[in-house]
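Structure file run.cif; described as mmCIF, C-alpha atoms.
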```cif
data_final
loop_
_atom_site.label_atom_id
_atom_site.label_comp_id
_atom_site.auth_asym_id
_atom_site.auth_seq_id
_atom_site.Cartn_x
_atom_site.Cartn_y
_atom_site.Cartn_z
CA MET A 52 0.00 0.00 0.00
CA SER A 53 1.44 3.35 -0.94
CA THR A 54 1.52 6.19 1.54
CA ALA A 55 1.93 9.93 1.16
CA SER A 56 5.40 9.71 2.65
CA GLY A 57 6.52 6.70 0.63
CA PRO A 58 9.43 6.75 -1.78
CA ALA A 59 9.08 7.65 -5.45
CA ARG A 60 8.51 4.78 -7.87
CA PRO A 61 11.30 4.09 -10.37
CA GLY A 62 11.24 6.79 -13.04
CA GLN A 63 9.17 9.07 -10.84
CA ILE A 64 11.10 12.20 -9.87
CA LEU A 65 8.82 13.66 -7.20
CA THR A 66 7.90 11.54 -4.20
CA PRO A 67 4.26 11.27 -3.11
CA ARG A 68 5.21 13.23 0.02
CA THR A 69 6.56 16.13 -2.04
CA ILE A 70 3.52 16.12 -4.31
CA THR A 71 1.29 16.19 -1.23
CA LEU A 72 3.27 19.07 0.31
CA ILE A 73 3.06 21.05 -2.93
CA ALA A 74 -0.69 20.38 -3.18
CA VAL A 75 -1.17 21.56 0.41
CA LEU A 76 0.75 24.79 -0.22
CA VAL A 77 -1.23 25.45 -3.41
CA ALA A 78 -4.52 24.75 -1.60
CA LEU A 79 -3.57 27.07 1.29
CA THR A 80 -2.71 29.80 -1.22
CA ALA A 81 -5.98 29.28 -3.11
CA LEU A 82 -7.82 29.60 0.19
CA PHE A 83 -6.12 32.94 0.75
CA GLY A 84 -7.17 33.98 -2.74
CA TRP A 85 -10.80 33.34 -1.79
CA LEU A 86 -10.38 35.13 1.55
CA SER A 87 -8.69 38.02 -0.21
CA SER A 88 -11.65 38.37 -2.61
CA LEU A 89 -13.96 38.56 0.43
CA MET A 90 -11.69 41.19 1.98
CA TYR A 91 -11.87 43.24 -1.21
CA ALA A 92 -15.65 42.84 -1.32
CA ASP A 93 -15.86 44.09 2.27
CA ALA A 94 -17.79 40.91 3.08
CA LEU A 95 -16.00 40.04 6.31
CA SER A 96 -16.56 41.12 9.90
CA ASP A 97 -13.69 42.98 11.57
CA ALA A 98 -12.53 39.85 13.36
CA ALA A 99 -12.73 37.70 10.21
CA TYR A 100 -10.91 40.42 8.25
CA ALA A 101 -8.08 40.48 10.82
CA ALA A 102 -7.90 36.67 10.80
CA ALA A 103 -7.73 36.58 7.00
CA TYR A 104 -5.06 39.31 7.05
CA TRP A 105 -2.93 37.31 9.49
CA TYR A 106 -3.58 34.10 7.56
CA GLY A 107 -1.95 35.65 4.47
CA THR A 108 0.97 36.91 6.52
CA GLY A 109 1.34 33.51 8.17
CA LEU A 110 1.40 31.83 4.77
CA GLN A 111 4.46 33.88 3.80
CA VAL A 112 6.15 32.61 6.98
CA VAL A 113 5.31 29.04 5.97
CA PHE A 114 6.89 29.55 2.53
CA ALA A 115 10.01 31.01 4.14
CA VAL A 116 10.32 28.15 6.63
CA VAL A 117 9.93 25.55 3.86
CA ILE A 118 12.74 27.04 1.78
CA VAL A 119 15.12 27.56 4.71
CA LEU A 120 14.52 23.98 5.93
CA VAL A 121 15.29 22.66 2.44
CA ALA A 122 18.52 24.71 2.36
CA LEU A 123 19.55 23.41 5.79
CA GLY A 124 18.69 19.86 4.66
CA ILE A 125 20.96 20.20 1.64
CA GLY A 126 23.70 21.52 3.92
CA LEU A 127 25.22 24.98 4.04
CA HIS A 128 28.67 23.54 3.37
CA GLN A 129 27.36 22.69 -0.10
CA HIS A 130 27.53 25.41 -2.76
CA VAL A 131 23.95 24.66 -3.81
CA GLY A 132 22.81 24.77 -0.16
CA LYS A 133 24.00 28.37 0.06
CA GLN A 134 22.06 29.24 -3.11
CA TRP A 135 18.82 27.97 -1.59
CA LEU A 136 19.58 29.61 1.75
CA PHE A 137 19.71 32.98 0.01
CA VAL A 138 16.38 32.29 -1.74
CA GLY A 139 14.98 31.35 1.68
CA LEU A 140 16.40 34.43 3.41
CA GLY A 141 14.78 36.55 0.70
CA VAL A 142 11.37 35.09 1.51
CA VAL A 143 12.14 35.38 5.27
CA ALA A 144 12.82 39.09 4.73
CA TYR A 145 9.55 39.43 2.81
CA ALA A 146 7.64 37.60 5.56
CA LEU A 147 9.17 39.91 8.20
CA GLY A 148 8.07 42.85 6.06
CA ASP A 149 4.54 41.43 5.92
CA ILE A 150 4.45 40.91 9.71
CA THR A 151 5.59 44.49 10.28
CA TRP A 152 3.10 45.80 7.70
CA THR A 153 0.24 43.83 9.28
CA ILE A 154 0.99 45.12 12.78
CA LEU A 155 1.30 48.74 11.60
CA ASP A 156 -1.80 48.59 9.40
CA LEU A 157 -4.13 46.30 11.31
CA HIS A 158 -3.30 46.88 14.95
CA MET A 159 -1.69 50.32 15.18
CA GLY A 160 -3.78 52.09 12.55
CA LEU A 161 -0.66 53.61 11.00
CA ASP A 162 0.09 54.09 7.32
CA PRO A 163 2.57 51.25 6.68
CA TYR A 164 4.05 52.91 3.61
CA PRO A 165 6.73 54.03 3.84
CA SER A 166 7.84 52.36 7.05
CA ILE A 167 10.34 49.93 8.54
CA ALA A 168 8.48 47.18 6.62
CA ASP A 169 10.09 48.51 3.44
CA ILE A 170 13.55 47.64 4.77
CA PHE A 171 12.52 43.99 5.00
CA TYR A 172 10.70 44.02 1.66
CA THR A 173 13.68 45.50 -0.19
CA LEU A 174 15.99 42.97 1.48
CA GLU A 175 14.24 40.26 -0.56
CA TYR A 176 15.80 41.80 -3.67
CA VAL A 177 19.28 41.66 -2.13
CA PHE A 178 19.05 38.04 -1.03
CA PHE A 179 17.39 36.96 -4.25
CA PHE A 180 20.05 38.69 -6.31
CA ALA A 181 22.75 36.89 -4.29
CA ALA A 182 21.04 33.52 -4.84
CA ILE A 183 20.70 34.02 -8.59
CA VAL A 184 24.26 35.26 -9.00
CA LEU A 185 25.53 32.16 -7.16
CA ALA A 186 23.32 29.93 -9.33
CA ILE A 187 24.54 31.60 -12.53
CA ARG A 188 28.17 31.36 -11.42
CA SER A 189 27.77 27.64 -10.79
CA TYR A 190 27.61 27.21 -14.59
CA ARG A 191 30.69 29.34 -15.32
CA ALA A 192 33.00 26.37 -15.94
CA LEU A 193 30.56 25.01 -18.52
CA THR A 194 29.69 28.01 -20.65
CA SER A 195 30.59 31.64 -21.22
CA LEU A 196 28.38 33.85 -19.09
CA ARG A 197 29.06 37.05 -21.01
CA GLY A 198 26.27 36.60 -23.58
CA PRO A 199 23.54 35.78 -21.05
CA VAL A 200 24.65 38.62 -18.74
CA VAL A 201 24.61 41.13 -21.63
CA PHE A 202 21.16 39.88 -22.71
CA GLY A 203 19.88 40.11 -19.14
CA LEU A 204 21.17 43.67 -18.86
CA LEU A 205 19.57 44.55 -22.20
CA VAL A 206 16.20 43.25 -21.01
CA GLY A 207 16.77 45.10 -17.74
CA GLY A 208 17.59 48.29 -19.65
CA VAL A 209 14.40 48.08 -21.73
CA ALA A 210 12.32 47.34 -18.62
CA ALA A 211 14.02 50.24 -16.79
CA ALA A 212 13.11 52.56 -19.67
CA VAL A 213 9.47 51.44 -19.43
CA ILE A 214 9.53 51.97 -15.66
CA TYR A 215 11.09 55.41 -16.10
CA LEU A 216 8.59 56.55 -18.73
CA SER A 217 5.47 55.11 -17.09
CA LEU A 218 6.24 55.52 -13.40
CA LEU A 219 9.31 57.50 -12.39
CA ARG A 220 9.01 60.48 -14.75
CA PRO A 221 5.25 61.09 -14.57
CA TYR A 222 4.67 60.28 -10.88
CA ILE A 223 7.52 59.57 -8.49
CA LEU A 224 10.18 62.08 -9.47
CA PRO A 225 7.77 65.05 -9.73
CA ALA A 226 6.41 64.20 -6.26
CA GLY A 227 9.98 64.29 -4.97
CA ALA A 228 11.18 64.40 -1.39
CA GLU A 229 8.90 67.34 -0.59
CA GLU A 230 5.75 65.26 -1.01
CA LEU A 231 7.07 61.80 -0.20
CA GLY A 232 9.78 62.58 2.31
CA LEU A 233 13.32 61.38 1.67
CA TRP A 234 12.64 57.81 2.80
CA GLY A 235 9.44 57.66 0.75
CA LEU A 236 11.25 58.87 -2.35
CA VAL A 237 14.04 56.33 -1.83
CA VAL A 238 11.78 53.30 -1.42
CA SER A 239 9.31 54.44 -4.12
CA THR A 240 12.24 54.53 -6.56
CA LEU A 241 13.96 51.45 -5.15
CA TYR A 242 11.00 49.09 -5.64
CA PRO A 243 10.62 49.40 -9.43
CA VAL A 244 14.38 49.69 -9.98
CA GLY A 245 14.99 46.66 -7.75
CA ASP A 246 12.31 44.72 -9.64
CA VAL A 247 14.18 45.32 -12.87
CA PHE A 248 17.84 45.02 -11.93
CA LEU A 249 17.80 42.70 -8.91
CA MET A 250 14.95 40.38 -9.95
CA LEU A 251 14.07 40.47 -13.64
CA ALA A 252 17.51 40.92 -15.24
CA PRO A 253 19.24 38.20 -13.13
CA ALA A 254 16.31 35.84 -13.74
CA VAL A 255 16.54 36.40 -17.50
CA THR A 256 20.29 35.79 -17.36
CA LEU A 257 19.82 32.52 -15.46
CA ALA A 258 17.10 31.42 -17.89
CA ILE A 259 19.44 32.01 -20.85
CA VAL A 260 22.28 30.08 -19.19
CA ILE A 261 20.04 27.10 -18.43
CA MET A 262 18.42 27.20 -21.87
CA ARG A 263 21.80 27.37 -23.60
CA LEU A 264 22.97 24.23 -21.80
CA GLY A 265 19.74 22.34 -22.45
CA ALA A 266 19.94 21.43 -18.80
CA GLY A 267 18.39 18.35 -17.21
CA ARG A 268 16.47 17.93 -13.97
CA LEU A 269 19.02 19.77 -11.79
CA ALA A 270 17.80 22.92 -13.56
CA TRP A 271 14.08 22.32 -12.92
CA PRO A 272 14.01 24.15 -9.56
CA TRP A 273 15.82 27.11 -11.13
CA TRP A 274 13.27 27.29 -13.94
CA LEU A 275 10.62 27.64 -11.22
CA VAL A 276 12.69 30.33 -9.52
CA VAL A 277 12.87 32.19 -12.84
CA VAL A 278 9.07 31.98 -13.19
CA GLY A 279 8.64 33.16 -9.58
CA ALA A 280 10.95 36.10 -10.22
CA PHE A 281 8.93 37.11 -13.30
CA VAL A 282 5.69 36.95 -11.30
CA PHE A 283 7.22 38.92 -8.42
CA SER A 284 8.77 41.67 -10.53
CA LEU A 285 5.68 42.06 -12.74
CA THR A 286 3.37 42.18 -9.71
CA ASP A 287 5.56 44.69 -7.92
CA SER A 288 5.93 46.95 -10.95
CA PHE A 289 2.21 46.85 -11.82
CA TYR A 290 1.32 47.52 -8.19
CA SER A 291 3.58 50.58 -8.16
CA TYR A 292 1.93 51.75 -11.37
CA VAL A 293 -1.70 51.28 -10.27
CA ASP A 294 -0.88 52.82 -6.91
CA TRP A 295 0.62 55.95 -8.45
CA ALA A 296 -1.83 56.14 -11.37
CA GLY A 297 -4.71 55.79 -8.91
CA THR A 298 -6.40 53.03 -10.88
CA GLY A 299 -6.72 50.85 -7.78
CA SER A 300 -5.38 47.39 -7.01
CA ASN A 301 -7.35 44.17 -7.22
CA VAL A 302 -7.28 40.72 -5.73
CA PHE A 303 -5.31 39.21 -8.63
CA LEU A 304 -2.58 41.80 -8.31
CA ASP A 305 -2.46 41.38 -4.54
CA MET A 306 -2.06 37.62 -4.98
CA GLY A 307 1.04 38.12 -7.14
CA TRP A 308 3.53 38.30 -4.25
CA MET A 309 1.88 35.32 -2.60
CA VAL A 310 2.03 33.27 -5.80
CA ALA A 311 5.67 34.28 -6.42
CA ASN A 312 6.77 33.15 -2.95
CA LEU A 313 4.65 30.00 -3.34
CA ILE A 314 6.56 29.22 -6.55
CA PHE A 315 9.89 29.75 -4.70
CA ALA A 316 8.74 27.30 -1.99
CA VAL A 317 7.61 24.75 -4.60
CA ALA A 318 10.99 25.16 -6.34
CA ALA A 319 12.76 24.36 -3.06
CA LEU A 320 10.63 21.24 -2.55
CA VAL A 321 11.36 20.09 -6.10
CA ALA A 322 15.08 20.70 -5.49
CA ARG A 323 14.92 18.66 -2.30
CA ASN A 324 13.53 15.71 -4.28
CA ILE A 325 15.99 16.00 -7.12
CA TYR A 326 18.93 16.08 -4.72
CA ARG A 327 17.69 13.13 -2.66
CA PRO A 328 19.60 9.83 -2.70
CA SER A 329 17.85 7.23 -4.82
CA MET B 41 31.86 7.15 -28.81
CA SER B 42 33.55 4.82 -26.33
CA LEU B 43 31.67 2.77 -23.75
CA ILE B 44 32.70 5.07 -20.91
CA SER B 45 31.73 8.21 -22.86
CA GLN B 46 28.32 6.77 -23.65
CA ARG B 47 27.88 5.66 -20.05
CA VAL B 48 28.65 9.15 -18.76
CA VAL B 49 26.14 10.76 -21.12
CA ASP B 50 23.51 8.15 -20.21
CA ILE B 51 23.95 8.67 -16.46
CA LEU B 52 24.59 12.43 -16.29
CA GLY B 53 22.29 13.44 -19.16
CA PRO B 54 18.98 13.27 -17.27
CA TYR B 55 20.46 15.39 -14.47
CA VAL B 56 22.47 18.03 -16.31
CA GLY B 57 21.47 17.66 -19.94
CA GLU B 58 23.42 16.05 -22.74
CA THR B 59 25.45 19.18 -23.48
CA VAL B 60 26.92 19.36 -19.98
CA ALA B 61 27.39 15.57 -19.81
CA ASP B 62 29.27 15.71 -23.10
CA THR B 63 31.37 18.60 -21.77
CA CYS B 64 32.41 16.42 -18.82
CA VAL B 65 33.53 13.68 -21.21
CA ARG B 66 35.41 16.06 -23.51
CA ALA B 67 37.10 17.86 -20.59
CA SER B 68 38.31 14.52 -19.25
CA ALA B 69 39.62 13.40 -22.63
CA LEU B 70 41.33 16.74 -23.15
CA SER B 71 43.04 16.58 -19.74
CA LEU B 72 44.49 13.19 -20.73
CA GLY B 73 45.44 14.22 -24.26
CA LYS B 74 42.95 11.74 -25.71
CA THR B 75 39.81 11.85 -27.81
CA THR B 76 36.46 10.87 -26.34
CA ASP B 77 36.60 7.66 -28.41
CA ASP B 78 39.85 6.64 -26.73
CA LEU B 79 38.66 6.89 -23.13
CA THR B 80 38.72 3.62 -21.20
CA ALA B 81 37.77 2.42 -17.73
CA ALA B 82 41.33 3.19 -16.62
CA ASP B 83 40.61 6.87 -17.24
CA PHE B 84 37.87 6.95 -14.62
CA PRO B 85 39.95 8.95 -12.05
CA ALA B 86 40.36 11.82 -14.54
CA LEU B 87 36.68 11.65 -15.39
CA GLU B 88 35.77 11.71 -11.70
CA ALA B 89 37.92 14.78 -11.09
CA ASN B 90 36.33 16.65 -13.98
CA VAL B 91 32.78 15.69 -13.04
CA ARG B 92 33.39 16.89 -9.46
CA ARG B 93 34.94 20.15 -10.69
CA LEU B 94 32.23 20.92 -13.23
CA LEU B 95 29.15 19.76 -11.33
CA GLY B 96 30.30 20.57 -7.77
CA PRO B 97 28.79 24.09 -7.77
CA MET B 98 25.39 22.93 -9.04
CA ALA B 99 24.71 19.68 -7.15
CA PRO B 100 25.27 18.37 -3.62
CA SER B 101 28.30 16.13 -3.23
CA ASP B 102 26.22 13.06 -2.34
CA VAL B 103 24.37 13.35 -5.66
CA ILE B 104 27.68 13.55 -7.52
CA ASP B 105 28.99 10.56 -5.52
CA ARG B 106 25.93 8.56 -6.54
CA LEU B 107 26.21 9.49 -10.21
CA LEU B 108 29.92 8.61 -10.27
CA ALA B 109 29.21 5.29 -8.59
CA ASP B 110 26.59 4.55 -11.28
CA ILE B 111 29.07 5.40 -14.02
CA GLU B 112 31.82 3.29 -12.45
CA ARG B 113 29.45 0.35 -12.00
CA GLY B 114 28.63 0.38 -15.70
CA ILE B 115 32.21 0.37 -16.95
CA SER B 116 33.96 -1.99 -14.56
#
```

Let me see the file written as structure tokens.
Amino acid sequence: MSTASGPARPGQILTPRTITLIAVLVALTALFGWLSSLMYADALSDAAYAAAYWYGTGLQVVFAVVIVLVALGIGLHQHVGKQWLFVGLGVVAYALGDITWTILDLHMGLDPYPSIADIFYTLEYVFFFAAIVLAIRSYRALTSLRGPVVFGLLVGGVAAAVIYLSLLRPYILPAGAEELGLWGLVVSTLYPVGDVFLMLAPAVTLAIVIMRLGAGRLAWPWWLVVVGAFVFSLTDSFYSYVDWAGTGSNVFLDMGWMVANLIFAVAALVARNIYRPS
Amino acid sequence: MSLISQRVVDILGPYVGETVADTCVRASALSLGKTTDDLTAADFPALEANVRRLLGPMAPSDVIDRLLADIERGIS
């Protein structure tokens, strides 16, 4: 009789336990999507709204814990263990940002933007960038990295131009430090720029490296990380735009960060399976 | 392609892709001044060193140990 924690059958890459864990994370995220739609529709009591708010924040903590545990399981003495630790620390930083945001917004009645939460949120870029750079460098003995890096920077340059023309020039820079305060101006600029140069461009570079090598299953988790980075950077950039343009956010946009961090957690679980002894 | 070269591609290919597996074989042959067709079971130590050097940054050492053991089992 097979069990959820049993080993994978021959030829099967993911174990039943991993598939179950992934299904649970996806189901928990879908539940938050439903709760989030109720929050947007103002269909919850104050207590239910607070519980749903904390549920979403708690889910980010779960994603962070999953990735860090996978990294520790691989071993930090391993090069690849360090790569996953940085991915995990990025999601830890995001979760700490969410906890801070929730406390400021829900319990203290303060405007959480800009605030100390932004320090944690922007740290995700730093850790993610470190993880991707380490992952890219792990292929340096196998292929020239110059082409992929140049292509990544080109994509980043185009995306930066779009961000400048649609966000920075019409909204953020004219508002300046007088309207936003110095800290507000810094983080308002840092988010879209970080999305482009610390998330999108490195992810594109990694995708090109992997694609060029026609990589096997060791690359699967990194493909997921690339997808997660696209979702994260697109969500973040669109959120900045709708916030400044005043068009209003929606539940799908708000789910973007959750889905991105879910994809990072799923990537870590897939990596854990691929690295397991047969 | 020699038996050992084919064995390396067969074992490493699903994990790192055929391009990288082939690079491991060619790097080993090059380090010995041979062609990939001339590699034999006696060249396994050179192959092992190159596989560890090239794959070390992208896979845990126990995975590499297992793959090398699979290769060695098929050529001895």

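Considering all atoms listed in the file, the residue among B:Ala99, B:Ala67, B:Val91, B:Leu108 positioned nearest to chain A is B:Ala99.
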
For this session: Name the residues that the PyMOL selection byres ((chain A) within 10 of (chain B)) picks from the file above, as a PyMOL selection string, using the file's chain letters and numbers.
Result: chain A and resi 125-126+128-132+134+185-194+261+263-271+322+325-329

Exercise. Atom CA of Lys74 of chain B and atom CA of Arg113 of chain B are how many Å apart?
Worked result: 22.4 Å

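The smallest atom-to-atom distance between Pro85 of chain B and any of B:Ser68, B:Val49, B:Gly73, B:Asp110, using all atoms listed in the file, is found for B:Ser68.
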
Problem set entry | Nearest residue to Asp83 of chain B from the set B:Gly114, B:Ser45, B:Asp50, B:Ala109 (distances using only C-alpha atoms) |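 Ranked by minimum distance to Asp83 of chain B, first place goes to B:Ser45.
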
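Each of B:Leu43, B:Leu72, B:Ala86, B:Val48 was checked against Ile111 of chain B using all atoms listed in the file; the smallest atom-to-atom distance is that of B:Val48.
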
Exercise. Near Leu79 of chain B, within 8 Å and counting only C-alpha atoms, which residues show up once chain neighbours fewer than 2 positions away are dropped, as a list in words?
Worked result: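 What passes the distance filter is Ser42, Ile44, Ser45, Ala69, Lys74, Thr75, Thr76, Asp77, Ala81, Ala82 and Asp83 of chain B.
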
Problem set entry | atom CA of Ile183 of chain A to atom CA of Leu257 of chain A, straight-line distance in Å |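 Taking atom CA of Leu257 of chain A and atom CA of Ile183 of chain A, their separation equals 7.1 Å.
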
For this session: Would you work out the distance separating atom CA of Pro163 of chain A from atom CA of Phe281 of chain A, expressed in Å to one decimal?
Result: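 Between atom CA of Pro163 of chain A and atom CA of Phe281 of chain A the gap is 25.3 Å.
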
Final N, CA and C atoms of segment 91-123 of chain A as a short mmCIF file (atom, residue, chain, number, x, y, z; two decimals), keeping the file's coordinate frame:
```
data_model
loop_
_atom_site.label_atom_id
_atom_site.label_comp_id
_atom_site.auth_asym_id
_atom_site.auth_seq_id
_atom_site.Cartn_x
_atom_site.Cartn_y
_atom_site.Cartn_z
N TYR A 91 -11.66 42.16 -0.24
CA TYR A 91 -11.87 43.24 -1.21
C TYR A 91 -13.34 43.61 -1.32
N ALA A 92 -14.21 42.60 -1.20
CA ALA A 92 -15.65 42.84 -1.32
C ALA A 92 -16.25 43.39 -0.03
N ASP A 93 -15.40 43.59 0.98
CA ASP A 93 -15.86 44.09 2.27
C ASP A 93 -16.93 43.19 2.86
N ALA A 94 -16.76 41.88 2.66
CA ALA A 94 -17.79 40.91 3.08
C ALA A 94 -17.43 40.20 4.38
N LEU A 95 -16.42 40.70 5.08
CA LEU A 95 -16.00 40.04 6.31
C LEU A 95 -16.21 40.96 7.51
N SER A 96 -16.50 40.34 8.66
CA SER A 96 -16.56 41.12 9.90
C SER A 96 -15.15 41.58 10.24
N ASP A 97 -15.02 42.48 11.19
CA ASP A 97 -13.69 42.98 11.57
C ASP A 97 -12.78 41.85 12.04
N ALA A 98 -13.34 40.96 12.84
CA ALA A 98 -12.53 39.85 13.36
C ALA A 98 -12.11 38.91 12.23
N ALA A 99 -13.04 38.60 11.32
CA ALA A 99 -12.73 37.70 10.21
C ALA A 99 -11.71 38.36 9.26
N TYR A 100 -11.85 39.69 9.09
CA TYR A 100 -10.91 40.42 8.25
C TYR A 100 -9.49 40.33 8.84
N ALA A 101 -9.40 40.54 10.15
CA ALA A 101 -8.08 40.48 10.82
C ALA A 101 -7.51 39.06 10.72
N ALA A 102 -8.37 38.06 10.88
CA ALA A 102 -7.90 36.67 10.80
C ALA A 102 -7.40 36.35 9.39
N ALA A 103 -8.14 36.82 8.38
CA ALA A 103 -7.73 36.58 7.00
C ALA A 103 -6.41 37.30 6.69
N TYR A 104 -6.29 38.50 7.22
CA TYR A 104 -5.06 39.31 7.05
C TYR A 104 -3.86 38.54 7.61
N TRP A 105 -4.01 38.05 8.85
CA TRP A 105 -2.93 37.31 9.49
C TRP A 105 -2.67 35.95 8.82
N TYR A 106 -3.74 35.38 8.27
CA TYR A 106 -3.58 34.10 7.56
C TYR A 106 -2.62 34.29 6.37
N GLY A 107 -2.84 35.37 5.61
CA GLY A 107 -1.95 35.65 4.47
C GLY A 107 -0.53 35.89 4.91
N THR A 108 -0.38 36.63 6.00
CA THR A 108 0.97 36.91 6.52
C THR A 108 1.62 35.61 7.00
N GLY A 109 0.82 34.78 7.68
CA GLY A 109 1.34 33.51 8.17
C GLY A 109 1.78 32.58 7.04
N LEU A 110 1.06 32.67 5.93
CA LEU A 110 1.40 31.83 4.77
C LEU A 110 2.80 32.18 4.23
N GLN A 111 3.12 33.46 4.24
CA GLN A 111 4.46 33.88 3.80
C GLN A 111 5.52 33.28 4.73
N VAL A 112 5.21 33.21 6.02
CA VAL A 112 6.15 32.61 6.98
C VAL A 112 6.34 31.13 6.65
N VAL A 113 5.23 30.47 6.33
CA VAL A 113 5.31 29.04 5.97
C VAL A 113 6.22 28.83 4.76
N PHE A 114 6.04 29.67 3.73
CA PHE A 114 6.89 29.55 2.53
C PHE A 114 8.37 29.72 2.91
N ALA A 115 8.62 30.73 3.74
CA ALA A 115 10.01 31.01 4.14
C ALA A 115 10.61 29.83 4.90
N VAL A 116 9.83 29.28 5.82
CA VAL A 116 10.32 28.15 6.63
C VAL A 116 10.62 26.95 5.73
N VAL A 117 9.72 26.68 4.77
CA VAL A 117 9.93 25.55 3.86
C VAL A 117 11.26 25.68 3.13
N ILE A 118 11.52 26.86 2.59
CA ILE A 118 12.74 27.04 1.78
C ILE A 118 14.00 26.95 2.65
N VAL A 119 13.95 27.59 3.82
CA VAL A 119 15.12 27.56 4.71
C VAL A 119 15.39 26.12 5.18
N LEU A 120 14.33 25.38 5.50
CA LEU A 120 14.52 23.98 5.93
C LEU A 120 15.14 23.14 4.80
N VAL A 121 14.70 23.38 3.56
CA VAL A 121 15.29 22.66 2.44
C VAL A 121 16.78 23.00 2.32
N ALA A 122 17.10 24.28 2.45
CA ALA A 122 18.52 24.71 2.36
C ALA A 122 19.35 24.05 3.45
N LEU A 123 18.81 24.03 4.68
CA LEU A 123 19.55 23.41 5.79
C LEU A 123 19.68 21.90 5.55
#
```
